[in-house]
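Participant: Provided herewith is a single structure, encoded as structure tokens, for subsequent inquiry.
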Amino acid sequence: MRDPYEVLGVPRGASAEEIKQAYRKLAKKLHPDLNPGNQKVEQSFKEVAGAYDLLSDAQKRARFDRGEIDAAGAEKPRRSYYKNYAEGNWGARYRGFDGEEGAFEDELFADLFRGRGQGLRVRGADVSYAAETDFIEAAAGAKRRLTLSDGKTIEFNIPPGTEDGQTLRLKGQGQAGQGGAVAGDAFIEIRIRPHPLFKREGDDVQIELPITLQEAVLGATVDLPTVDGKVAIKIPRGVNTGTVMRLKGKGIVNQSTKKRGDQLVKLKVMLPDAIDKELSDFIESWGKTHPYDVRRKAGTP
């Protein structure tokens with residue numbers, strides 16, 4: 001594999017945030033779902049995912065920088081390991097080797113994997129992905145499909161109450177291990193697309209509900225969207241813009257307590273698009289006999 005810094009296009013001294021931003025930009029551009037059937041782009045996506053997996057893990061990144069693991073996350077046997085090997089029967093031909101250390105190690109490492117080092121077991125590297133979902137799916141839970149870096153497509157569950165940026169772990173779905181060792185894991189960062197009506201606040205769902213002038217004055221029963229579908233709610237008489245109604249248990253599932261938050265409905269009184277003469281005359285006449293000072297009541301001079 002290529003140098004992960006080169007793959008992501010960042011310098012070796014890049015911050016964790018710079019690495020994350022570089023990965024997101026490339027992953028969005030190269031994701032197989034956006035480039036169906038393009039094998040070259042798919043291979044590039046695999047490289048980017050593998051590079052981010054290594055560099056986003058502080059411990060792995062430090063070990064790579066020290067030369068302890070390679071770009072795929074596999075262990076690099078230390079010099080002492082080569083020396084001990086060379087002192088055994090299999091390594092007799094390397095005794096007295098006076099070339100460069102790197103050349104010595106490369107030659108001996110190749111020999112190990114020509115059949116004499118089959119006992120070396122290395123766990124497969126972890127890989128990282130990003131998957132988008134909508135607000136309702138994240139709130140209620142859903143099943144999604146994802147194309148992995150090896151081209152395999154799997155189905156995974158988004159648990160109810162998933163938050164934006166939450167990472168799911170798929171055990172054994174990372175890169176294959178060496179020498180019969182277990183495969184690494186796949187980590188999926190969930191990104192939730194904004195909803196045109198709902199906004200999450202902790203375990204509560206907030207929504208602004210427009211109502212007509214007559215509904216505000218006289219009260220009414222109206223339909224209200226929730227994450228579970230539409231419900232009918234009763235608007236009390238005489239409500240104002242800014243009045244908040246609470247629907248118990250209509251919010252988001254808390255993944256720890258398994259209890260649901262509430263839905264908070266903020267009312268917004270809307271006048272007609274056009275004020276006709278009948279309404280205008282009525283308000284003018286009514287206002288003369290029913291004065292009230294809303295600004296003084298609110299503390300505004």
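For the structure tokens, the naming scheme is as follows: chains receive sequential letters (A, B, ...) according to their order of presentation, residues are indexed from 1 within each chain, and ligands are indexed from 1 in presentation order.
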Can you tell me, as a list in words, what residues are no more than 12 Å from Gln214 of chain A when counting only C-alpha atoms, ignoring any on the same chain fewer than 4 positions away?
Facilitator: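 So the residues in contact are Pro210, Leu218, Gly219, Ala220, Thr221, Ile235, Pro236, Arg237, Gly238, Val239, Asn240, Val269, Met270, Leu271, Pro272 and Leu279 of chain A.
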Participant: Pull all heavy atoms from the residues just selected and write them as a compact mmCIF listing (two decimals), in the first residue's frame.
Facilitator:
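Full text of again_8.txt as output:
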# COMPACT_ATOMS: atom_id res chain seq x y z
N PRO A 210 -46.90 25.99 12.25
CA PRO A 210 -47.69 27.18 11.90
C PRO A 210 -49.18 26.92 12.14
O PRO A 210 -49.69 25.84 11.85
CB PRO A 210 -47.41 27.36 10.40
CG PRO A 210 -46.25 26.46 10.09
CD PRO A 210 -46.33 25.34 11.07
N LEU A 218 -59.60 30.68 18.39
CA LEU A 218 -60.72 29.81 18.75
C LEU A 218 -60.30 28.41 19.21
O LEU A 218 -61.11 27.68 19.77
CB LEU A 218 -61.66 29.67 17.55
CG LEU A 218 -62.21 30.99 16.98
CD1 LEU A 218 -63.04 30.73 15.74
CD2 LEU A 218 -63.03 31.73 18.04
N GLY A 219 -59.04 28.06 18.98
CA GLY A 219 -58.61 26.68 19.26
C GLY A 219 -58.99 25.77 18.11
O GLY A 219 -59.87 26.09 17.29
N ALA A 220 -58.34 24.62 18.01
CA ALA A 220 -58.64 23.69 16.91
C ALA A 220 -57.92 22.37 17.16
O ALA A 220 -57.04 22.26 18.01
CB ALA A 220 -58.17 24.29 15.57
N THR A 221 -58.30 21.36 16.39
CA THR A 221 -57.58 20.08 16.37
C THR A 221 -56.89 19.99 15.01
O THR A 221 -57.55 20.09 13.97
CB THR A 221 -58.53 18.90 16.57
OG1 THR A 221 -59.15 19.00 17.86
CG2 THR A 221 -57.76 17.58 16.50
N ILE A 235 -55.18 22.33 19.75
CA ILE A 235 -54.62 23.66 20.01
C ILE A 235 -55.58 24.39 20.95
O ILE A 235 -56.75 24.57 20.62
CB ILE A 235 -54.46 24.47 18.71
CG1 ILE A 235 -53.65 23.69 17.67
CG2 ILE A 235 -53.82 25.83 19.01
CD1 ILE A 235 -52.23 23.43 18.06
N PRO A 236 -55.14 24.83 22.12
CA PRO A 236 -56.03 25.55 23.04
C PRO A 236 -56.45 26.92 22.47
O PRO A 236 -55.78 27.48 21.60
CB PRO A 236 -55.17 25.74 24.31
CG PRO A 236 -54.00 24.82 24.15
CD PRO A 236 -53.79 24.67 22.67
N ARG A 237 -57.53 27.47 22.97
CA ARG A 237 -57.97 28.81 22.58
C ARG A 237 -56.99 29.85 23.11
O ARG A 237 -56.44 29.73 24.20
CB ARG A 237 -59.36 29.11 23.14
CG ARG A 237 -60.47 28.24 22.58
CD ARG A 237 -61.76 28.43 23.37
NE ARG A 237 -62.25 29.79 23.26
CZ ARG A 237 -63.19 30.20 22.40
NH1 ARG A 237 -63.74 29.32 21.55
NH2 ARG A 237 -63.59 31.45 22.38
N GLY A 238 -56.76 30.87 22.32
CA GLY A 238 -56.00 32.02 22.78
C GLY A 238 -54.50 31.82 22.88
O GLY A 238 -53.84 32.46 23.71
N VAL A 239 -53.93 30.96 22.05
CA VAL A 239 -52.47 30.77 22.10
C VAL A 239 -51.76 31.86 21.31
O VAL A 239 -52.34 32.49 20.42
CB VAL A 239 -52.07 29.38 21.56
CG1 VAL A 239 -52.62 28.28 22.44
CG2 VAL A 239 -52.51 29.21 20.12
N ASN A 240 -50.49 32.05 21.62
CA ASN A 240 -49.66 33.03 20.93
C ASN A 240 -48.51 32.35 20.21
O ASN A 240 -48.16 31.19 20.51
CB ASN A 240 -49.07 34.03 21.93
CG ASN A 240 -50.04 35.14 22.27
OD1 ASN A 240 -50.62 35.75 21.37
ND2 ASN A 240 -50.22 35.41 23.56
N VAL A 269 -48.15 31.71 14.97
CA VAL A 269 -49.40 32.22 14.39
C VAL A 269 -49.08 32.94 13.08
O VAL A 269 -48.21 33.82 13.03
CB VAL A 269 -50.09 33.19 15.36
CG1 VAL A 269 -51.41 33.70 14.75
CG2 VAL A 269 -50.36 32.51 16.71
N MET A 270 -49.76 32.53 12.01
CA MET A 270 -49.53 33.09 10.68
C MET A 270 -50.78 33.81 10.19
O MET A 270 -51.88 33.25 10.19
CB MET A 270 -49.18 31.97 9.70
CG MET A 270 -47.98 31.12 10.11
SD MET A 270 -46.42 31.99 9.97
CE MET A 270 -46.29 32.17 8.18
N LEU A 271 -50.60 35.05 9.76
CA LEU A 271 -51.71 35.79 9.15
C LEU A 271 -51.92 35.32 7.71
O LEU A 271 -51.04 34.69 7.13
CB LEU A 271 -51.40 37.29 9.16
CG LEU A 271 -51.33 37.96 10.53
CD1 LEU A 271 -50.92 39.42 10.39
CD2 LEU A 271 -52.68 37.86 11.24
N PRO A 272 -53.07 35.61 7.12
CA PRO A 272 -53.30 35.23 5.72
C PRO A 272 -52.28 35.92 4.81
O PRO A 272 -51.71 36.95 5.16
CB PRO A 272 -54.72 35.74 5.43
CG PRO A 272 -55.35 35.92 6.77
CD PRO A 272 -54.25 36.27 7.72
N LEU A 279 -61.44 41.63 6.95
CA LEU A 279 -60.62 41.41 8.13
C LEU A 279 -60.04 42.72 8.64
O LEU A 279 -60.01 42.97 9.85
CB LEU A 279 -59.48 40.43 7.80
CG LEU A 279 -58.48 40.15 8.93
CD1 LEU A 279 -59.20 39.58 10.16
CD2 LEU A 279 -57.39 39.20 8.46
Participant: Residues at most 9 Å from Glu47 of chain A, counting only C-alpha atoms, excluding those fewer than 5 positions away in the same chain, as a ChimeraX atom specification?
Facilitator: /A:1-2,4,7-8,42,52,149
Participant: I need the residue nearest Gln175 of chain A from this list: A:Ala138, A:Ala74, A:Val127, A:Ile188. Use only C-alpha atoms for the distance.
Facilitator: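 Under the stated criterion, the closest residue is A:Val127.
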Participant: In Å, how far is it from atom CA of Ser15 of chain A to atom CA of Ala131 of chain A?
Facilitator: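 Going from atom CA of Ser15 of chain A over to atom CA of Ala131 of chain A, I get 23.3 Å.
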Participant: Would you please work out which residue, of A:Ala16, A:Arg123, A:Gly37, A:Ile207, is nearest to Ala183 of chain A when using only C-alpha atoms?
Facilitator: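 Going through A:Ala16, A:Arg123, A:Gly37, A:Ile207 one by one, the smallest distance to Ala183 of chain A is for A:Arg123.
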